[in-house]
Amino acid sequence: MSHDSTAAPEAAARKLSGRRRKEIVAVLLFSGGPIFESSIPLSVFGIDRQDAGVPRYRLLVSAGEEGPLRTTGGLELTAPHGLEAISRAGTVVVPAWRSITSPPPEEALDALRRAHEEGARIVGLCTGAFVLAAAGLLDGRPATTHWMYAPTLAKRYPSVHVDPRELFVDDGDVLTSAGTAAGIDLCLHIVRTDHGNEAAGALARRLVVPPRRSGGQERYLDRSLPEEIGADPLAEVVAWALEHLHEQFDVETLAARAYMSRRTFDRRFRSLTGSAPLQWLITQRVLQAQRLLETSDYSVDEVAGRCGFRSPVALRGHFRRQLGSSPAAYRAAYRARRPQSDKPQDTDGSLGSSGQVSTLNPENPVPMQTRRTAAASALGPSTSLSTDSARHGAELYAAGRPSLPGQRSAP
């Protein structure tokens, strides 16, 4: 899912300065940036597809620092423009930043600040959010980035309201997306905002991608906390929580174990992880439910009890909200996608038919390894994997077919 906030009145009323044009999109490239994320806005905004009903943008590819720019695989790029080109753009896109630990060039940050002050729309794809945050453009705003880097973004820039669950966040004049393919989702959203559903749908058919994707990043999460937590006093409390997910306890219990008030614990936990402790705890319980559904034959009721949910109803509600599927449908789709020989025969850690030892101990349901192979078909209305279903999925991209459900459009 996406988040489209209502922009502040002053932001909504801001207009482009006279020298900027709405149809001009500047893409800011840096050395060391991943080539996939860099290519997304170039493909979306840089190719003339007017024959397919997609309004044309004018693309200005700009170097954010001295070239040549080296990218994935040692390729060298030479951008046709420098930072001066940003002064003409109505939209400025930062596809990705080379390292979340190094500061962006100050000249590029100044150019982004000026562009924003003059009414330009600023977009950060994946780790490009770190560049926007360094420029101060995300202060007090909702934002997202790749789930793996969201805790670091929240910790480094505490004034940013980081939501690692979203595929993208539209806050009016500043937009951010999650990793890699979510950049396509956000670019399509921009086209939809500028020119309507028909233009975005036509572009999606050309790119052979869904016009809208349902769900968020929850299904891909595979890390509980940032690596930096190891040196923090809360690490012991977090470790205890992960080891006792099969027990029923609440955030007050965790706060008491940390010898903190609930309010202080909430504040410390959020600053460390980028998430409220209650939301984090629910997410961990849902992740554990996924693991049990994937690796055991426990009933849904038993899974709920072994993940600390007070009832199967609570499990189903949280599971559907986070993954868009019921636990039963998720398990059925997951098993349909696995080779028959790889399916577990028992739940006690003994050898299954594949000859592999299960890493799941029913007495301590935190596995040594996590199997993050969520079946995509479990996230939609159907779990069929037949040839006819696959053919129908491809037809969704043909003209005249209904759009897929997905992000909420801004009013």
# chains A, B, ... in the order shown; residues from 1 in each chain; ligands from 1
>>> select_by_dssp(residues="range 35-186 of chain A", states="strand (DSSP E)", output="VMD selection string")
chain A and resid 58 to 63 69 to 70 76 to 77 89 to 94 121 to 124 142 to 143 161 to 162 168 to 170 174 to 177
>>> write_last_selection(atoms="N, CA and C atoms", output="compact mmCIF listing (two decimals), in the first residue's frame")
# COMPACT_ATOMS: atom_id res chain seq x y z
N ARG A 58 10.09 15.90 -20.45
CA ARG A 58 11.42 16.25 -20.94
C ARG A 58 12.41 15.89 -19.85
N LEU A 59 13.34 15.00 -20.16
CA LEU A 59 14.26 14.47 -19.17
C LEU A 59 15.61 15.18 -19.22
N LEU A 60 16.11 15.57 -18.06
CA LEU A 60 17.45 16.13 -17.92
C LEU A 60 18.23 15.26 -16.94
N VAL A 61 19.18 14.50 -17.45
CA VAL A 61 20.01 13.65 -16.60
C VAL A 61 21.18 14.48 -16.10
N SER A 62 21.28 14.62 -14.78
CA SER A 62 22.24 15.54 -14.18
C SER A 62 23.20 14.82 -13.26
N ALA A 63 24.46 15.18 -13.32
CA ALA A 63 25.47 14.62 -12.43
C ALA A 63 25.46 15.39 -11.12
N LEU A 69 30.83 8.97 -13.69
CA LEU A 69 30.12 8.31 -12.60
C LEU A 69 30.21 6.80 -12.78
N ARG A 70 30.74 6.13 -11.78
CA ARG A 70 30.86 4.67 -11.85
C ARG A 70 29.67 4.04 -11.15
N GLU A 76 30.87 3.04 -16.42
CA GLU A 76 31.08 4.47 -16.28
C GLU A 76 30.02 5.23 -17.07
N LEU A 77 29.42 6.22 -16.43
CA LEU A 77 28.38 7.03 -17.06
C LEU A 77 28.86 8.47 -17.14
N ALA A 89 13.88 22.30 -13.64
CA ALA A 89 12.99 21.14 -13.49
C ALA A 89 11.83 21.40 -12.54
N GLY A 90 10.67 20.87 -12.91
CA GLY A 90 9.52 20.89 -12.02
C GLY A 90 9.50 19.70 -11.09
N THR A 91 10.25 18.65 -11.48
CA THR A 91 10.40 17.45 -10.65
C THR A 91 11.86 17.05 -10.64
N VAL A 92 12.41 16.77 -9.46
CA VAL A 92 13.79 16.31 -9.32
C VAL A 92 13.77 14.95 -8.65
N VAL A 93 14.39 13.96 -9.30
CA VAL A 93 14.40 12.59 -8.79
C VAL A 93 15.81 12.20 -8.39
N VAL A 94 15.96 11.70 -7.16
CA VAL A 94 17.22 11.11 -6.69
C VAL A 94 17.01 9.60 -6.63
N ARG A 121 8.89 19.52 -7.25
CA ARG A 121 8.55 18.27 -6.56
C ARG A 121 9.83 17.45 -6.43
N ILE A 122 10.15 17.00 -5.21
CA ILE A 122 11.40 16.28 -4.96
C ILE A 122 11.07 14.82 -4.65
N VAL A 123 11.76 13.90 -5.34
CA VAL A 123 11.45 12.48 -5.25
C VAL A 123 12.72 11.71 -4.87
N GLY A 124 12.63 10.84 -3.87
CA GLY A 124 13.74 9.97 -3.49
C GLY A 124 13.34 8.52 -3.64
N PRO A 142 6.25 12.35 6.73
CA PRO A 142 6.27 10.89 6.59
C PRO A 142 7.15 10.52 5.40
N ALA A 143 7.83 9.39 5.50
CA ALA A 143 8.72 8.94 4.42
C ALA A 143 8.94 7.45 4.55
N HIS A 161 9.42 10.93 9.98
CA HIS A 161 8.45 9.92 10.38
C HIS A 161 8.55 8.74 9.41
N VAL A 162 9.47 7.83 9.69
CA VAL A 162 9.75 6.73 8.78
C VAL A 162 8.72 5.62 8.94
N PHE A 168 5.46 3.29 -1.17
CA PHE A 168 5.88 4.66 -1.39
C PHE A 168 5.02 5.59 -0.54
N VAL A 169 5.54 6.79 -0.32
CA VAL A 169 4.82 7.80 0.45
C VAL A 169 4.78 9.09 -0.37
N ASP A 170 3.60 9.60 -0.58
CA ASP A 170 3.39 10.87 -1.30
C ASP A 170 2.99 11.91 -0.27
N VAL A 174 7.04 16.32 -1.68
CA VAL A 174 8.18 15.44 -1.39
C VAL A 174 7.67 14.01 -1.36
N LEU A 175 8.28 13.13 -2.16
CA LEU A 175 7.82 11.75 -2.28
C LEU A 175 9.01 10.81 -2.10
N THR A 176 8.77 9.66 -1.48
CA THR A 176 9.82 8.65 -1.28
C THR A 176 9.25 7.27 -1.57
N SER A 177 10.15 6.35 -1.93
CA SER A 177 9.70 4.98 -2.22
C SER A 177 10.59 3.98 -1.51
>>> residues_around(residues="Thr283 in chain A", least_positions_apart="4", cutoff="9 Å", atoms="only C-alpha atoms", output="list of chain:residue names")
A:Glu218, A:Leu278, A:Gln279, A:Leu287, A:Gln288, A:His318, A:Phe319, A:Gln322
>>> write_last_selection(atoms="all heavy atoms", output="PDB file, in the first residue's frame")
ATOM      1  N   GLU A 218       5.652  -5.318   4.132  1.00  0.00           N
ATOM      2  CA  GLU A 218       5.653  -6.280   5.239  1.00  0.00           C
ATOM      3  C   GLU A 218       6.025  -7.682   4.794  1.00  0.00           C
ATOM      4  O   GLU A 218       6.722  -8.404   5.497  1.00  0.00           O
ATOM      5  CB  GLU A 218       4.277  -6.324   5.916  1.00  0.00           C
ATOM      6  CG  GLU A 218       3.897  -5.054   6.640  1.00  0.00           C
ATOM      7  CD  GLU A 218       3.035  -4.156   5.771  1.00  0.00           C
ATOM      8  OE1 GLU A 218       3.117  -4.304   4.530  1.00  0.00           O
ATOM      9  OE2 GLU A 218       2.290  -3.331   6.311  1.00  0.00           O
ATOM     10  N   LEU A 278       4.632  -1.473  19.895  1.00  0.00           N
ATOM     11  CA  LEU A 278       3.472  -2.330  19.681  1.00  0.00           C
ATOM     12  C   LEU A 278       3.414  -2.825  18.239  1.00  0.00           C
ATOM     13  O   LEU A 278       3.173  -4.010  17.984  1.00  0.00           O
ATOM     14  CB  LEU A 278       2.184  -1.584  20.041  1.00  0.00           C
ATOM     15  CG  LEU A 278       0.886  -2.379  19.827  1.00  0.00           C
ATOM     16  CD1 LEU A 278       0.895  -3.660  20.655  1.00  0.00           C
ATOM     17  CD2 LEU A 278      -0.337  -1.531  20.174  1.00  0.00           C
ATOM     18  N   GLN A 279       3.654  -1.924  17.275  1.00  0.00           N
ATOM     19  CA  GLN A 279       3.641  -2.330  15.878  1.00  0.00           C
ATOM     20  C   GLN A 279       4.758  -3.323  15.594  1.00  0.00           C
ATOM     21  O   GLN A 279       4.578  -4.300  14.854  1.00  0.00           O
ATOM     22  CB  GLN A 279       3.784  -1.105  14.969  1.00  0.00           C
ATOM     23  CG  GLN A 279       3.727  -1.433  13.479  1.00  0.00           C
ATOM     24  CD  GLN A 279       2.425  -2.116  13.103  1.00  0.00           C
ATOM     25  OE1 GLN A 279       1.344  -1.633  13.415  1.00  0.00           O
ATOM     26  NE2 GLN A 279       2.526  -3.254  12.423  1.00  0.00           N
ATOM     27  N   LEU A 287       5.293 -12.399  11.507  1.00  0.00           N
ATOM     28  CA  LEU A 287       6.410 -13.073  10.849  1.00  0.00           C
ATOM     29  C   LEU A 287       6.588 -14.490  11.379  1.00  0.00           C
ATOM     30  O   LEU A 287       6.835 -15.432  10.620  1.00  0.00           O
ATOM     31  CB  LEU A 287       7.699 -12.279  11.071  1.00  0.00           C
ATOM     32  CG  LEU A 287       7.872 -10.995  10.269  1.00  0.00           C
ATOM     33  CD1 LEU A 287       9.090 -10.228  10.762  1.00  0.00           C
ATOM     34  CD2 LEU A 287       8.013 -11.301   8.788  1.00  0.00           C
ATOM     35  N   GLN A 288       6.450 -14.640  12.701  1.00  0.00           N
ATOM     36  CA  GLN A 288       6.577 -15.979  13.283  1.00  0.00           C
ATOM     37  C   GLN A 288       5.433 -16.871  12.819  1.00  0.00           C
ATOM     38  O   GLN A 288       5.634 -18.069  12.565  1.00  0.00           O
ATOM     39  CB  GLN A 288       6.594 -15.884  14.814  1.00  0.00           C
ATOM     40  CG  GLN A 288       6.762 -17.207  15.531  1.00  0.00           C
ATOM     41  CD  GLN A 288       8.078 -17.895  15.169  1.00  0.00           C
ATOM     42  OE1 GLN A 288       8.981 -17.263  14.641  1.00  0.00           O
ATOM     43  NE2 GLN A 288       8.168 -19.179  15.439  1.00  0.00           N
ATOM     44  N   HIS A 318      -4.634  -9.440  12.087  1.00  0.00           N
ATOM     45  CA  HIS A 318      -3.318  -8.838  11.874  1.00  0.00           C
ATOM     46  C   HIS A 318      -2.643  -9.412  10.629  1.00  0.00           C
ATOM     47  O   HIS A 318      -1.964  -8.693   9.890  1.00  0.00           O
ATOM     48  CB  HIS A 318      -2.425  -9.054  13.094  1.00  0.00           C
ATOM     49  CG  HIS A 318      -2.837  -8.256  14.291  1.00  0.00           C
ATOM     50  ND1 HIS A 318      -2.888  -6.873  14.284  1.00  0.00           N
ATOM     51  CD2 HIS A 318      -3.224  -8.641  15.541  1.00  0.00           C
ATOM     52  CE1 HIS A 318      -3.281  -6.441  15.466  1.00  0.00           C
ATOM     53  NE2 HIS A 318      -3.490  -7.482  16.246  1.00  0.00           N
ATOM     54  N   PHE A 319      -2.810 -10.694  10.389  1.00  0.00           N
ATOM     55  CA  PHE A 319      -2.205 -11.346   9.237  1.00  0.00           C
ATOM     56  C   PHE A 319      -2.746 -10.736   7.948  1.00  0.00           C
ATOM     57  O   PHE A 319      -1.992 -10.411   7.023  1.00  0.00           O
ATOM     58  CB  PHE A 319      -2.488 -12.851   9.282  1.00  0.00           C
ATOM     59  CG  PHE A 319      -1.543 -13.680   8.464  1.00  0.00           C
ATOM     60  CD1 PHE A 319      -0.435 -14.269   9.052  1.00  0.00           C
ATOM     61  CD2 PHE A 319      -1.757 -13.879   7.107  1.00  0.00           C
ATOM     62  CE1 PHE A 319       0.446 -15.041   8.305  1.00  0.00           C
ATOM     63  CE2 PHE A 319      -0.882 -14.650   6.352  1.00  0.00           C
ATOM     64  CZ  PHE A 319       0.228 -15.239   6.951  1.00  0.00           C
ATOM     65  N   GLN A 322      -1.503  -7.118   7.368  1.00  0.00           N
ATOM     66  CA  GLN A 322      -0.107  -6.979   6.974  1.00  0.00           C
ATOM     67  C   GLN A 322       0.206  -7.630   5.640  1.00  0.00           C
ATOM     68  O   GLN A 322       1.059  -7.144   4.898  1.00  0.00           O
ATOM     69  CB  GLN A 322       0.811  -7.562   8.056  1.00  0.00           C
ATOM     70  CG  GLN A 322       0.811  -6.736   9.338  1.00  0.00           C
ATOM     71  CD  GLN A 322       2.024  -7.015  10.195  1.00  0.00           C
ATOM     72  OE1 GLN A 322       3.057  -7.503   9.722  1.00  0.00           O
ATOM     73  NE2 GLN A 322       1.933  -6.710  11.480  1.00  0.00           N
TER      74      GLN A 322
END
>>> atom_distance(atom1="CA of Arg335 in chain A", atom2="CA of Ala314 in chain A")
23.5 Å
>>> residues_around(residues="Asp139 in chain A", least_positions_apart="6", cutoff="8 Å", atoms="only C-alpha atoms", output="JSON, numbers by chain")
{"A": [133, 157, 159, 160]}
>>> write_last_selection(atoms="C-alpha atoms", output="compact mmCIF listing (two decimals), in the first residue's frame")
# COMPACT_ATOMS: atom_id res chain seq x y z
CA ALA A 133 16.84 13.68 4.64
CA TYR A 157 17.13 11.53 11.25
CA SER A 159 12.56 14.18 12.94
CA VAL A 160 11.57 12.06 9.92
>>> atom_distance(atom1="CA of Val54 in chain A", atom2="CA of Ala202 in chain A")
6.5 Å
>>> closest_atom_pairs(of="range 236-291 of chain A", to="range 295-299 of chain A", cutoff="10 Å", atoms="only C-alpha atoms", output="tab-separated table")
residue	atom	partner	partner_atom	distance
A:Ala289	CA	A:Thr295	CA	9.9
A:Gln290	CA	A:Thr295	CA	8.6
A:Arg291	CA	A:Thr295	CA	6.0
